[in-house]
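As stored in final.txt (compact mmCIF, C-alpha atoms and all ligand atoms):
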```txt
# COMPACT_ATOMS: atom_id res chain seq x y z
CA MET G 20 0.00 0.00 0.00
CA LYS G 21 1.12 3.55 -0.77
CA PRO G 22 0.77 6.38 1.74
CA PHE G 23 -2.26 8.66 1.21
CA GLU G 24 -1.38 11.57 -1.06
CA LYS G 25 -3.74 13.82 0.86
CA LYS G 26 -3.42 13.40 4.62
CA ILE G 27 -6.39 11.75 6.35
CA TYR G 28 -7.05 13.75 9.50
CA LEU G 29 -8.65 12.89 12.80
CA SER G 30 -11.38 15.52 12.38
CA THR G 31 -11.36 18.77 10.41
CA PRO G 32 -13.88 21.55 9.74
CA THR G 33 -16.45 20.94 6.98
CA MET G 34 -17.80 24.15 5.47
CA HIS G 35 -20.94 24.37 3.37
CA GLY G 36 -21.07 27.88 1.90
CA ASP G 37 -23.63 29.58 4.16
CA GLU G 38 -20.87 30.47 6.59
CA ILE G 39 -19.34 32.99 4.19
CA LYS G 40 -22.75 34.57 3.59
CA TYR G 41 -23.15 35.37 7.30
CA ILE G 42 -19.54 36.51 7.65
CA LYS G 43 -20.11 38.86 4.72
CA GLU G 44 -23.33 40.10 6.29
CA ALA G 45 -21.39 41.04 9.42
CA TYR G 46 -18.82 42.79 7.23
CA ASP G 47 -21.31 44.61 5.03
CA THR G 48 -23.34 45.88 7.98
CA ASN G 49 -20.12 46.72 9.85
CA TRP G 50 -21.02 44.61 12.89
CA MET G 51 -17.39 43.46 13.11
CA SER G 52 -17.71 43.26 16.84
CA THR G 53 -18.96 41.21 19.77
CA VAL G 54 -22.45 42.56 19.09
CA GLY G 55 -24.66 41.78 16.10
CA GLU G 56 -27.36 39.82 14.35
CA ASN G 57 -25.34 36.59 13.98
CA ILE G 58 -24.85 36.37 17.75
CA ASN G 59 -28.52 37.07 18.47
CA VAL G 60 -29.79 34.54 15.94
CA LEU G 61 -27.25 31.90 16.99
CA GLU G 62 -28.11 32.16 20.69
CA LYS G 63 -31.79 31.65 19.86
CA SER G 64 -31.23 28.78 17.42
CA ILE G 65 -28.91 26.86 19.74
CA ALA G 66 -31.27 27.24 22.69
CA GLU G 67 -34.10 25.96 20.48
CA LYS G 68 -32.12 23.06 19.05
CA VAL G 69 -30.68 21.86 22.36
CA GLY G 70 -33.84 22.57 24.31
CA CYS G 71 -32.63 24.97 26.96
CA LYS G 72 -33.98 28.41 27.84
CA TYR G 73 -30.82 30.50 27.45
CA ALA G 74 -27.60 30.27 25.44
CA VAL G 75 -24.78 32.76 25.96
CA ALA G 76 -22.30 33.04 23.08
CA LEU G 77 -18.69 33.08 24.28
CA SER G 78 -15.16 33.06 22.90
CA CYS G 79 -14.70 29.31 23.51
CA GLY G 80 -15.91 26.27 25.41
CA THR G 81 -13.28 26.80 28.08
CA SER G 82 -14.60 30.29 28.87
CA ALA G 83 -18.11 28.81 29.08
CA LEU G 84 -16.83 26.24 31.58
CA HIS G 85 -15.05 28.96 33.53
CA LEU G 86 -18.20 31.03 33.87
CA ALA G 87 -20.14 27.86 34.77
CA VAL G 88 -17.67 27.15 37.57
CA LYS G 89 -18.08 30.74 38.81
CA LEU G 90 -21.87 30.54 38.59
CA ALA G 91 -21.76 27.33 40.63
CA GLY G 92 -20.06 29.37 43.34
CA VAL G 93 -16.81 27.38 43.36
CA LYS G 94 -14.20 29.15 45.46
CA GLN G 95 -10.68 28.70 46.76
CA GLY G 96 -10.17 25.46 48.66
CA ASP G 97 -13.44 23.78 47.52
CA THR G 98 -13.31 20.22 46.25
CA VAL G 99 -14.92 19.67 42.85
CA PHE G 100 -15.60 16.17 41.47
CA CYS G 101 -14.34 16.02 37.87
CA THR G 102 -14.35 13.57 35.00
CA ASP G 103 -10.87 12.06 34.99
CA MET G 104 -10.44 10.82 31.43
CA THR G 105 -11.00 13.96 29.36
CA PHE G 106 -9.36 16.92 27.66
CA ASP G 107 -7.78 19.14 30.32
CA ALA G 108 -10.08 22.05 29.37
CA THR G 109 -12.78 20.28 31.42
CA VAL G 110 -10.71 20.82 34.56
CA ASN G 111 -8.68 24.01 33.97
CA PRO G 112 -11.49 26.38 35.05
CA VAL G 113 -11.62 24.65 38.46
CA ILE G 114 -7.94 25.53 38.85
CA TYR G 115 -8.56 29.12 37.64
CA GLU G 116 -10.85 29.48 40.68
CA LYS G 117 -8.21 27.91 42.97
CA ALA G 118 -10.39 24.93 43.88
CA THR G 119 -9.18 21.31 44.10
CA PRO G 120 -10.31 18.85 41.42
CA VAL G 121 -11.00 15.38 42.80
CA PHE G 122 -10.82 13.00 39.85
CA ILE G 123 -13.49 10.33 39.50
CA ASP G 124 -12.53 7.17 37.63
CA THR G 125 -14.08 6.05 34.35
CA GLU G 126 -16.51 3.18 33.56
CA TYR G 127 -16.16 0.77 30.62
CA ASP G 128 -19.73 1.13 29.27
CA THR G 129 -19.49 4.71 27.91
CA TRP G 130 -15.91 5.74 28.90
CA ASN G 131 -17.29 8.49 31.13
CA MET G 132 -17.46 9.22 34.86
CA ASP G 133 -18.28 6.10 36.87
CA PRO G 134 -21.36 6.69 39.07
CA VAL G 135 -20.12 4.02 41.50
CA ALA G 136 -16.82 5.87 41.97
CA LEU G 137 -18.76 9.15 42.28
CA GLU G 138 -20.81 7.71 45.14
CA LYS G 139 -17.56 6.57 46.81
CA ALA G 140 -16.17 10.08 46.42
CA PHE G 141 -19.14 11.52 48.33
CA GLU G 142 -18.31 9.14 51.21
CA ILE G 143 -14.81 10.65 51.39
CA TYR G 144 -15.68 14.28 50.50
CA PRO G 145 -19.33 14.72 51.59
CA GLU G 146 -18.97 18.52 51.61
CA THR G 147 -18.50 18.65 47.80
CA LYS G 148 -21.11 20.78 46.03
CA VAL G 149 -20.11 20.71 42.35
CA ILE G 150 -19.57 17.93 39.79
CA VAL G 151 -18.07 18.57 36.34
CA ILE G 152 -18.93 15.79 33.88
CA ALA G 153 -17.85 15.43 30.26
CA ASN G 154 -19.43 13.30 27.50
CA LEU G 155 -16.35 11.83 25.92
CA TYR G 156 -15.99 11.62 22.14
CA GLY G 157 -19.68 12.44 21.77
CA THR G 158 -21.06 9.60 23.92
CA PRO G 159 -23.36 10.66 26.77
CA ALA G 160 -22.31 9.67 30.27
CA LYS G 161 -24.60 7.62 32.57
CA LEU G 162 -26.55 10.79 33.15
CA ASP G 163 -29.54 9.37 35.06
CA GLU G 164 -27.29 7.74 37.64
CA ILE G 165 -25.04 10.77 37.96
CA CYS G 166 -27.95 13.23 38.27
CA ALA G 167 -29.56 11.02 40.94
CA ILE G 168 -26.35 10.95 42.99
CA ALA G 169 -25.93 14.72 42.61
CA ASP G 170 -29.53 15.27 43.80
CA LYS G 171 -29.09 12.95 46.74
CA HIS G 172 -26.06 14.93 47.94
CA GLY G 173 -27.36 18.38 47.01
CA ALA G 174 -24.62 18.95 44.45
CA ILE G 175 -24.78 20.95 41.23
CA ILE G 176 -23.82 19.48 37.86
CA ILE G 177 -21.79 21.31 35.24
CA GLU G 178 -22.05 19.40 31.99
CA ASP G 179 -19.13 19.69 29.59
CA ALA G 180 -20.90 18.86 26.32
CA ALA G 181 -18.06 20.31 24.20
CA GLU G 182 -17.64 17.02 22.33
CA SER G 183 -21.26 15.86 22.35
CA LEU G 184 -23.36 18.59 20.67
CA GLY G 185 -26.37 16.87 19.10
CA ALA G 186 -26.02 13.65 21.12
CA THR G 187 -29.09 12.56 23.07
CA TYR G 188 -29.78 10.59 26.25
CA LYS G 189 -33.31 9.15 26.49
CA GLY G 190 -34.26 11.58 23.73
CA ARG G 191 -32.94 14.63 25.58
CA GLN G 192 -30.01 16.60 24.19
CA THR G 193 -26.72 16.65 26.09
CA GLY G 194 -25.86 20.12 27.32
CA THR G 195 -29.14 20.24 29.30
CA PHE G 196 -28.38 17.87 32.16
CA GLY G 197 -26.35 20.31 34.23
CA THR G 198 -27.53 23.46 35.96
CA TYR G 199 -24.85 25.08 33.81
CA ASN G 200 -23.58 23.52 30.60
CA ALA G 201 -20.86 24.24 28.06
CA ILE G 202 -20.56 23.53 24.34
CA SER G 203 -17.66 24.29 21.99
CA PHE G 204 -17.23 25.36 18.36
CA ASN G 205 -13.48 24.71 18.31
CA GLY G 206 -12.04 23.82 14.90
CA ASN G 207 -12.14 20.05 15.32
CA LYS G 208 -15.60 19.75 16.91
CA ILE G 209 -18.70 18.37 15.12
CA ILE G 210 -19.65 21.88 13.95
CA THR G 211 -17.26 24.79 14.24
CA GLY G 212 -16.86 28.53 14.11
CA SER G 213 -13.06 28.09 13.95
CA SER G 214 -13.43 28.88 17.65
CA GLY G 215 -16.25 29.83 19.99
CA GLY G 216 -18.40 28.27 22.66
CA MET G 217 -21.59 28.72 24.64
CA LEU G 218 -22.93 28.54 28.14
CA LEU G 219 -26.36 26.87 28.28
CA THR G 220 -28.76 27.18 31.20
CA ASP G 221 -32.44 27.45 32.13
CA ASP G 222 -31.63 30.09 34.75
CA LEU G 223 -32.27 33.63 33.48
CA GLU G 224 -30.32 35.29 36.27
CA ALA G 225 -27.31 33.04 35.57
CA ALA G 226 -27.47 33.78 31.84
CA ASN G 227 -27.56 37.51 32.52
CA LYS G 228 -24.62 37.24 34.92
CA ALA G 229 -22.59 35.25 32.38
CA ARG G 230 -23.34 37.85 29.71
CA LYS G 231 -22.23 40.65 32.02
CA TRP G 232 -19.07 38.87 33.23
CA SER G 233 -18.12 38.03 29.64
CA THR G 234 -18.15 41.71 28.65
CA GLN G 235 -15.91 43.01 31.50
CA SER G 236 -18.68 43.25 34.10
CA ARG G 237 -19.93 46.73 33.28
CA GLU G 238 -22.59 48.01 35.63
CA ASN G 239 -25.59 49.91 34.34
CA ALA G 240 -24.19 53.47 34.46
CA PRO G 241 -23.28 56.27 32.04
CA TRP G 242 -19.56 55.45 32.45
CA TYR G 243 -17.52 52.26 32.93
CA GLN G 244 -18.66 51.34 36.43
CA HIS G 245 -17.39 48.09 37.99
CA GLU G 246 -18.40 46.19 41.09
CA GLU G 247 -16.84 42.82 40.28
CA VAL G 248 -14.12 41.28 38.14
CA GLY G 249 -14.87 40.91 34.43
CA TYR G 250 -13.64 38.90 31.46
CA ASN G 251 -13.32 39.47 27.74
CA TYR G 252 -15.15 36.23 26.87
CA ARG G 253 -17.86 37.30 24.40
CA MET G 254 -18.14 35.66 20.99
CA SER G 255 -17.34 37.71 17.90
CA ASN G 256 -20.20 38.39 15.48
CA VAL G 257 -17.94 37.08 12.66
CA ILE G 258 -17.39 33.75 14.45
CA ALA G 259 -21.11 33.61 15.22
CA GLY G 260 -21.70 33.93 11.48
CA VAL G 261 -19.61 30.83 10.81
CA VAL G 262 -21.46 28.80 13.46
CA ARG G 263 -24.80 30.13 12.20
CA GLY G 264 -23.94 28.78 8.77
CA GLN G 265 -22.82 25.43 10.21
CA LEU G 266 -25.74 24.75 12.51
CA PRO G 267 -28.19 23.47 9.83
CA TYR G 268 -25.60 20.80 8.96
CA LEU G 269 -25.21 19.33 12.45
CA GLU G 270 -27.47 16.34 11.70
CA GLU G 271 -25.68 15.71 8.39
CA HIS G 272 -22.30 15.68 10.16
CA ILE G 273 -23.63 13.31 12.82
CA ALA G 274 -24.96 10.94 10.14
CA GLN G 275 -21.58 10.96 8.37
CA LYS G 276 -19.71 10.35 11.63
CA LYS G 277 -22.08 7.52 12.52
CA ALA G 278 -21.49 5.90 9.13
CA ILE G 279 -17.73 6.08 9.78
CA TYR G 280 -18.20 4.44 13.20
CA GLU G 281 -20.36 1.67 11.73
CA ARG G 282 -17.89 1.03 8.90
CA TYR G 283 -15.05 0.62 11.39
CA LYS G 284 -17.18 -1.66 13.55
CA GLU G 285 -17.94 -3.90 10.58
CA GLY G 286 -14.33 -3.75 9.33
CA PHE G 287 -12.91 -4.78 12.70
CA LYS G 288 -15.41 -7.54 13.49
CA ASP G 289 -12.77 -10.26 13.20
CA LEU G 290 -10.14 -8.35 15.20
CA PRO G 291 -9.70 -8.67 18.99
CA VAL G 292 -10.98 -5.11 19.51
CA ILE G 293 -14.17 -3.21 20.36
CA MET G 294 -15.29 0.26 19.28
CA ASN G 295 -15.93 2.97 21.90
CA PRO G 296 -19.12 1.61 23.46
CA TYR G 297 -22.54 3.11 24.21
CA ASP G 298 -25.95 1.86 25.31
CA GLU G 299 -28.06 1.98 22.15
CA ASN G 300 -31.30 1.54 24.12
CA ILE G 301 -30.97 4.84 25.93
CA MET G 302 -28.49 7.05 24.10
CA GLU G 303 -27.63 8.28 20.62
CA PRO G 304 -24.06 9.64 20.50
CA ASN G 305 -22.95 12.21 17.91
CA PHE G 306 -20.06 9.86 16.99
CA TRP G 307 -17.61 12.78 16.96
CA LEU G 308 -14.59 10.46 17.11
CA SER G 309 -14.44 6.74 16.39
CA CYS G 310 -12.20 4.99 18.88
CA MET G 311 -11.14 1.41 19.47
CA LEU G 312 -10.02 -0.63 22.45
CA ILE G 313 -7.73 -3.65 22.04
CA ASN G 314 -8.63 -6.74 24.07
CA LYS G 315 -6.29 -7.32 27.02
CA ASP G 316 -5.03 -10.63 25.68
CA ALA G 317 -4.33 -9.11 22.26
CA MET G 318 -2.03 -6.37 23.58
CA CYS G 319 1.65 -6.67 22.72
CA LYS G 320 4.11 -5.20 25.18
CA GLN G 321 3.93 -1.39 25.23
CA VAL G 322 5.72 1.01 27.57
CA ARG G 323 5.01 4.72 27.83
CA SER G 324 7.08 7.32 29.66
CA ASP G 325 6.02 10.95 30.16
CA ASN G 326 6.87 11.86 26.57
CA ASP G 327 7.75 8.73 24.64
CA ALA G 328 6.48 5.25 23.87
CA CYS G 329 7.88 1.96 22.65
CA TYR G 330 6.51 -1.52 22.00
CA ILE G 331 7.53 -5.04 20.98
CA SER G 332 5.64 -6.31 17.96
CA GLU G 333 4.07 -9.77 18.31
CA PRO G 334 2.11 -11.94 15.85
CA GLY G 335 -1.65 -11.74 16.43
CA LYS G 336 -1.23 -8.82 18.83
CA SER G 337 -0.81 -5.06 18.65
CA CYS G 338 -1.00 -1.89 20.75
CA PRO G 339 -2.05 1.76 20.27
CA THR G 340 1.55 2.86 19.71
CA GLU G 341 2.06 0.36 16.88
CA ILE G 342 -1.25 1.31 15.22
CA LEU G 343 -0.66 5.07 15.55
CA GLU G 344 2.81 4.67 14.04
CA ALA G 345 1.41 2.58 11.18
CA LEU G 346 -1.30 5.20 10.48
CA ALA G 347 1.30 7.99 10.52
CA LYS G 348 3.47 6.04 8.09
CA TYR G 349 0.57 6.02 5.62
CA ASN G 350 -0.13 9.74 6.19
CA ALA G 351 -3.21 9.23 8.37
CA GLU G 352 -3.81 10.82 11.75
CA GLY G 353 -4.91 8.90 14.83
CA ARG G 354 -4.54 9.96 18.45
CA PRO G 355 -4.10 8.32 21.84
CA ILE G 356 -7.10 8.40 24.19
CA TRP G 357 -7.16 11.54 26.39
CA LYS G 358 -4.55 10.76 29.03
CA PRO G 359 -6.46 10.67 32.34
CA MET G 360 -5.97 13.72 34.56
CA HIS G 361 -4.86 11.61 37.57
CA MET G 362 -1.90 10.43 35.44
CA GLN G 363 -0.85 13.98 34.55
CA PRO G 364 2.25 15.30 36.37
CA MET G 365 0.46 18.53 37.30
CA TYR G 366 -2.25 16.58 39.14
CA ARG G 367 -0.04 13.95 40.80
CA MET G 368 -1.05 15.18 44.28
CA ASN G 369 -4.78 15.41 43.55
CA PRO G 370 -7.21 12.84 44.91
CA PHE G 371 -8.38 10.16 42.47
CA ILE G 372 -11.31 7.94 43.37
CA THR G 373 -11.91 4.52 41.81
CA LYS G 374 -15.03 2.38 42.12
CA ASP G 375 -13.37 0.20 44.77
CA GLY G 376 -12.42 3.36 46.66
CA ASN G 377 -8.78 2.44 46.30
CA GLY G 378 -7.46 5.35 44.24
CA ARG G 379 -5.61 8.19 45.84
CA GLY G 380 -7.84 9.57 48.56
CA ARG G 381 -7.43 11.88 51.51
CA THR G 382 -5.11 9.50 53.36
CA ASN G 383 -3.30 7.48 50.71
CA ALA G 384 -0.95 9.58 48.61
CA TYR G 385 -0.34 6.79 46.10
CA ILE G 386 -2.62 4.56 44.11
CA ALA G 387 -3.07 1.35 46.08
CA GLU G 388 -1.51 -1.79 44.66
CA GLY G 389 -3.95 -3.88 42.64
CA CYS G 390 -6.49 -1.06 42.42
CA ILE G 391 -8.75 -1.14 39.38
CA ASP G 392 -7.79 1.99 37.45
CA VAL G 393 -10.16 1.98 34.48
CA GLY G 394 -8.92 5.26 32.99
CA ALA G 395 -5.31 4.07 32.93
CA ASP G 396 -6.44 0.82 31.31
CA ILE G 397 -8.45 2.51 28.51
CA PHE G 398 -5.57 4.95 27.93
CA ASP G 399 -3.21 1.97 27.66
CA ARG G 400 -5.32 -0.09 25.23
CA GLY G 401 -7.37 2.51 23.34
CA LEU G 402 -6.89 4.98 20.50
CA CYS G 403 -8.83 7.46 18.34
CA LEU G 404 -9.10 6.58 14.66
CA PRO G 405 -9.21 8.96 11.70
CA SER G 406 -12.82 10.22 11.89
CA ASP G 407 -12.92 13.05 9.38
CA ASN G 408 -16.33 13.24 7.72
CA LYS G 409 -14.71 14.03 4.35
CA MET G 410 -12.85 10.69 4.36
CA THR G 411 -14.26 8.49 1.58
CA ALA G 412 -15.39 4.90 2.14
CA GLU G 413 -12.45 3.75 -0.02
CA GLU G 414 -10.01 5.71 2.11
CA GLN G 415 -11.54 4.30 5.26
CA ASP G 416 -11.22 0.77 3.91
CA ILE G 417 -7.50 1.38 3.53
CA ILE G 418 -7.32 2.64 7.14
CA ILE G 419 -9.07 -0.57 8.20
CA GLU G 420 -6.50 -2.64 6.26
CA ILE G 421 -3.64 -0.72 7.92
CA VAL G 422 -5.07 -1.45 11.38
CA LYS G 423 -5.65 -5.11 10.50
CA SER G 424 -2.06 -5.45 9.29
CA CYS G 425 -0.82 -4.44 12.76
CA PHE G 426 -2.31 -7.68 14.13
CA ASN G 427 -0.57 -9.92 11.56
C1 LIG B 501 -12.82 21.07 23.07
C2 LIG B 501 -13.16 20.77 24.48
C3 LIG B 501 -13.28 21.78 25.44
C4 LIG B 501 -12.90 23.20 25.21
O1 LIG B 501 -13.48 23.85 24.21
P1 LIG B 501 -12.71 25.09 23.53
O2 LIG B 501 -13.75 25.72 22.70
O3 LIG B 501 -11.57 24.52 22.76
O4 LIG B 501 -12.24 25.99 24.64
C5 LIG B 501 -13.69 21.44 26.71
N1 LIG B 501 -13.92 20.15 27.04
C6 LIG B 501 -13.78 19.15 26.17
C7 LIG B 501 -14.08 17.76 26.62
C8 LIG B 501 -13.36 19.42 24.88
O5 LIG B 501 -13.18 18.40 24.02
```
Here is a file; write its structure as structure tokens.
Ligand SMILES: *Cc1c(COP(=O)(O)O)cnc(C)c1O
Amino acid sequence: MKPFEKKIYLSTPTMHGDEIKYIKEAYDTNWMSTVGENINVLEKSIAEKVGCKYAVALSCGTSALHLAVKLAGVKQGDTVFCTDMTFDATVNPVIYEKATPVFIDTEYDTWNMDPVALEKAFEIYPETKVIVIANLYGTPAKLDEICAIADKHGAIIIEDAAESLGATYKGRQTGTFGTYNAISFNGNKIITGSSGGMLLTDDLEAANKARKWSTQSRENAPWYQHEEVGYNYRMSNVIAGVVRGQLPYLEEHIAQKKAIYERYKEGFKDLPVIMNPYDENIMEPNFWLSCMLINKDAMCKQVRSDNDACYISEPGKSCPTEILEALAKYNAEGRPIWKPMHMQPMYRMNPFITKDGNGRGRTNAYIAEGCIDVGADIFDRGLCLPSDNKMTAEEQDIIIEIVKSCFN
């Protein structure tokens, strides 16, 4: 096989033409600002589509999460329960507010926060009032279980739906399960504005606060009057134009991504692997990224340090490092699973709670021997496959052959 002439990416923007129309509208009307028609229309259309009362357009998903953390009242010294296996943007805002993330281990059914580990965490940190949950790779978490536990302990949920826009859980859109929710229009997400994000909530007062904070917290006065700290977090009307043009194509993108997932699933049916799982009876992911997990007994030896990896090839077996190297050799882009936060050097002293309660709690500084660390296991055996919706079926078949060849 020859390498692809045109690189096959993990996930890239897919434009449709309407975007430029709305950008031009902003230009022609001179609303080249953080105020304008595109922003107003987009806030309304997103709220309608997702099924929440208010959407506040912001510069990115991370700023939405930051304002959500502030709205939840998180302050210095608080513990906040966070999804462990995720992009670090889920957690950074907790650090901005000088609180302590307590990482909750992952479950195998959806690769999201494990409700059993969450319940354990409340035994150790009963005073915790905020939970930040992400829906990884577009697959909803076990939201019923997590919401029930949050209710029981009087905690607030912040839902990081940055990767899961358009995904549903029991027919309800993700991004509506938290009191405050964040979505992202970053360049590699299912629809994009090149950047941008939104805070979603049903709370009018919270939406108004977020809007005020995001525009430097101006008070209602004839001059620049300030009573609290502000941020420059508002979305640009030009970016809003791009997202406005993209939004009608969300379902089309999801259908394309789902077809990619299904094609991989079929292509790998004789390999000792599974695709990133979900419960088809209660959830419909947006299939943002297709991922695979190699069976334990089909893993060749693989060792990873902080910044390097090596493996020993074995017949009938493979590992993420071997597959990622093979893809790169053919000019295709894969990616390791998000490295869990509890494995990150910057969080080495943070608590990490597993379902057997044996992680790294208040008393034990190190992960107990023999503890079931699901996040570390999925990171070890899993990888993200090229999931670009402009990849053709023929190109994908070649990707499948490359992956298969790693097990020869
Ligand atoms: C992309 C992403 C974010 C951040 O969104 P930005 O718009 O890039 O700031 C947050 N959480 C998760 C899980 C993400 O994938």
- Message: Within 7 Å of ligand LIG 501 (chain B) (counting all atoms listed in the file), which residues show up? I'd like them as a PyMOL selection string.
- Response: chain G and resi 79-82+105-106+108-109+153+155+179-182+203-205+208+214-216
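Of the listed residues (G:Asn314, G:Thr158, G:Thr340, G:Thr198), G:Thr158 comes nearest to Tyr297 of chain G; the distances count all atoms listed in the file.
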- Task: Counting all atoms listed in the file, write as JSON, numbers by chain all protein and nucleic acid residues lying at most 8 Å from (-22.0, 31.5, 7.4) in the file's frame.
- Result: {"G": [36, 37, 38, 39, 40, 41, 42, 260, 261, 262, 263, 264, 265]}
- Any idea what's packed within 7 Å of Gly378 of chain G, counting all atoms listed in the file, ignoring anything in its chain fewer than 5 positions away? Could you give it as a ChimeraX atom specification? /G:371-373,386-387,390
Output for the residues just chosen: C-alpha atoms as a compact mmCIF listing (two decimals), in the frame of the given file:
```txt
# COMPACT_ATOMS: atom_id res chain seq x y z
CA PHE G 371 -8.38 10.16 42.47
CA ILE G 372 -11.31 7.94 43.37
CA THR G 373 -11.91 4.52 41.81
CA ILE G 386 -2.62 4.56 44.11
CA ALA G 387 -3.07 1.35 46.08
CA CYS G 390 -6.49 -1.06 42.42
```
- Item | Contact residues around Glu303 of chain G with all atoms listed in the file at 10 Å, ignoring same-chain residues under 6 positions, as a list in words |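 After dropping sequence-adjacent residues, the list is Gly157, Thr158, Pro159, Gly185, Ala186, Thr187, Tyr188, Lys189, Gly190, Arg191, Gln192, Lys277 and Tyr297 of chain G.
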- Å distance separating atom CA of Asn350 of chain G from atom CA of Ile27 of chain G, one decimal place: 6.6 Å
- Two-atom distance - atom CA of Glu281 of chain G, atom CA of Gln321 of chain G (Å): 28.0 Å
- Message: Let me make sure I understand: among G:Glu138, G:Asp97, G:Asp103, G:Glu126, which one has the smallest atom-to-atom distance to Gly376 of chain G if we use only C-alpha atoms?
- Response: G:Glu138
Contact check, segment 229-306 of chain G to segment 210-213 of chain G, at most 12 Å, counting all atoms listed in the file, closest pairs as a tab-separated table:
```
residue	atom	partner	partner_atom	distance
G:Met254	CA	G:Gly212	CA	10.0
G:Ser255	CA	G:Gly212	CA	9.9
G:Asn256	CA	G:Gly212	CA	10.5
G:Val257	CA	G:Gly212	CA	8.7
G:Ile258	CA	G:Gly212	CA	5.3
G:Ala259	CA	G:Gly212	CA	6.7
G:Gly260	CA	G:Gly212	CA	7.7
G:Val261	CA	G:Gly212	CA	4.9
G:Val262	CA	G:Gly212	CA	4.7
G:Arg263	CA	G:Gly212	CA	8.3
G:Gly264	CA	G:Gly212	CA	8.9
G:Gln265	CA	G:Ile210	CA	6.1
G:Leu266	CA	G:Ile210	CA	6.9
G:Pro267	CA	G:Ile210	CA	9.6
G:Tyr268	CA	G:Ile210	CA	7.8
G:Leu269	CA	G:Ile210	CA	6.3
G:Glu270	CA	G:Ile210	CA	9.8
G:Glu271	CA	G:Ile210	CA	10.3
G:His272	CA	G:Ile210	CA	7.7
G:Ile273	CA	G:Ile210	CA	9.5
G:Lys276	CA	G:Ile210	CA	11.8
G:Asn305	CA	G:Ile210	CA	11.0
```
- Quick one: residues within 7 Å of segment 403-407 of chain G, all atoms listed in the file counted, chain neighbours fewer than 2 positions away excluded, as a PyMOL selection string? chain G and resi 27-31+276+279+308-311+351-356+409-410
List as a short mmCIF file (atom, residue, chain, number, x, y, z; two decimals) with C-alpha atoms, in the coordinates of the input the protein and nucleic acid residues near Ala76 of chain G, meaning an atom at most 7 Å away when only C-alpha atoms are counted, but skip any in the same chain fewer than 2 places from it.
```
data_model
loop_
_atom_site.label_atom_id
_atom_site.label_comp_id
_atom_site.auth_asym_id
_atom_site.auth_seq_id
_atom_site.Cartn_x
_atom_site.Cartn_y
_atom_site.Cartn_z
CA ILE G 58 -24.85 36.37 17.75
CA GLU G 62 -28.11 32.16 20.69
CA ALA G 74 -27.60 30.27 25.44
CA GLY G 216 -18.40 28.27 22.66
CA MET G 217 -21.59 28.72 24.64
CA LEU G 218 -22.93 28.54 28.14
CA ARG G 253 -17.86 37.30 24.40
CA MET G 254 -18.14 35.66 20.99
#
```
Working from the structure I just supplied, which lacks atoms in segment 401-412 of chain G, can you model N, CA and C atoms there and output them as a PDB file, in the coordinates of the input?
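Result file out05.pdb:
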```pdb
ATOM      1  N   GLY G 401      -6.466   1.874  24.291  1.00  0.00           N
ATOM      2  CA  GLY G 401      -7.370   2.510  23.340  1.00  0.00           C
ATOM      3  C   GLY G 401      -6.693   3.533  22.442  1.00  0.00           C
ATOM      4  N   LEU G 402      -7.357   3.881  21.345  1.00  0.00           N
ATOM      5  CA  LEU G 402      -6.890   4.980  20.500  1.00  0.00           C
ATOM      6  C   LEU G 402      -8.043   5.558  19.688  1.00  0.00           C
ATOM      7  N   CYS G 403      -7.856   6.810  19.226  1.00  0.00           N
ATOM      8  CA  CYS G 403      -8.830   7.460  18.340  1.00  0.00           C
ATOM      9  C   CYS G 403      -8.393   7.231  16.906  1.00  0.00           C
ATOM     10  N   LEU G 404      -9.370   6.867  16.073  1.00  0.00           N
ATOM     11  CA  LEU G 404      -9.100   6.580  14.660  1.00  0.00           C
ATOM     12  C   LEU G 404      -9.411   7.800  13.804  1.00  0.00           C
ATOM     13  N   PRO G 405      -8.834   7.858  12.597  1.00  0.00           N
ATOM     14  CA  PRO G 405      -9.210   8.960  11.700  1.00  0.00           C
ATOM     15  C   PRO G 405     -10.727   8.984  11.559  1.00  0.00           C
ATOM     16  N   SER G 406     -11.357  10.124  11.856  1.00  0.00           N
ATOM     17  CA  SER G 406     -12.820  10.220  11.890  1.00  0.00           C
ATOM     18  C   SER G 406     -13.316  11.422  11.103  1.00  0.00           C
ATOM     19  N   ASP G 407     -12.538  11.859  10.146  1.00  0.00           N
ATOM     20  CA  ASP G 407     -12.920  13.050   9.380  1.00  0.00           C
ATOM     21  C   ASP G 407     -14.104  12.730   8.472  1.00  0.00           C
ATOM     22  N   ASN G 408     -15.134  13.577   8.494  1.00  0.00           N
ATOM     23  CA  ASN G 408     -16.330  13.240   7.720  1.00  0.00           C
ATOM     24  C   ASN G 408     -16.148  13.443   6.208  1.00  0.00           C
ATOM     25  N   LYS G 409     -14.982  13.939   5.792  1.00  0.00           N
ATOM     26  CA  LYS G 409     -14.710  14.030   4.350  1.00  0.00           C
ATOM     27  C   LYS G 409     -13.882  12.837   3.855  1.00  0.00           C
ATOM     28  N   MET G 410     -13.549  11.923   4.748  1.00  0.00           N
ATOM     29  CA  MET G 410     -12.850  10.690   4.360  1.00  0.00           C
ATOM     30  C   MET G 410     -13.826   9.832   3.536  1.00  0.00           C
ATOM     31  N   THR G 411     -13.360   9.319   2.396  1.00  0.00           N
ATOM     32  CA  THR G 411     -14.260   8.490   1.580  1.00  0.00           C
ATOM     33  C   THR G 411     -14.274   7.056   2.135  1.00  0.00           C
ATOM     34  N   ALA G 412     -15.295   6.294   1.710  1.00  0.00           N
ATOM     35  CA  ALA G 412     -15.390   4.900   2.140  1.00  0.00           C
ATOM     36  C   ALA G 412     -14.156   4.125   1.685  1.00  0.00           C
TER      37      ALA G 412
END
```
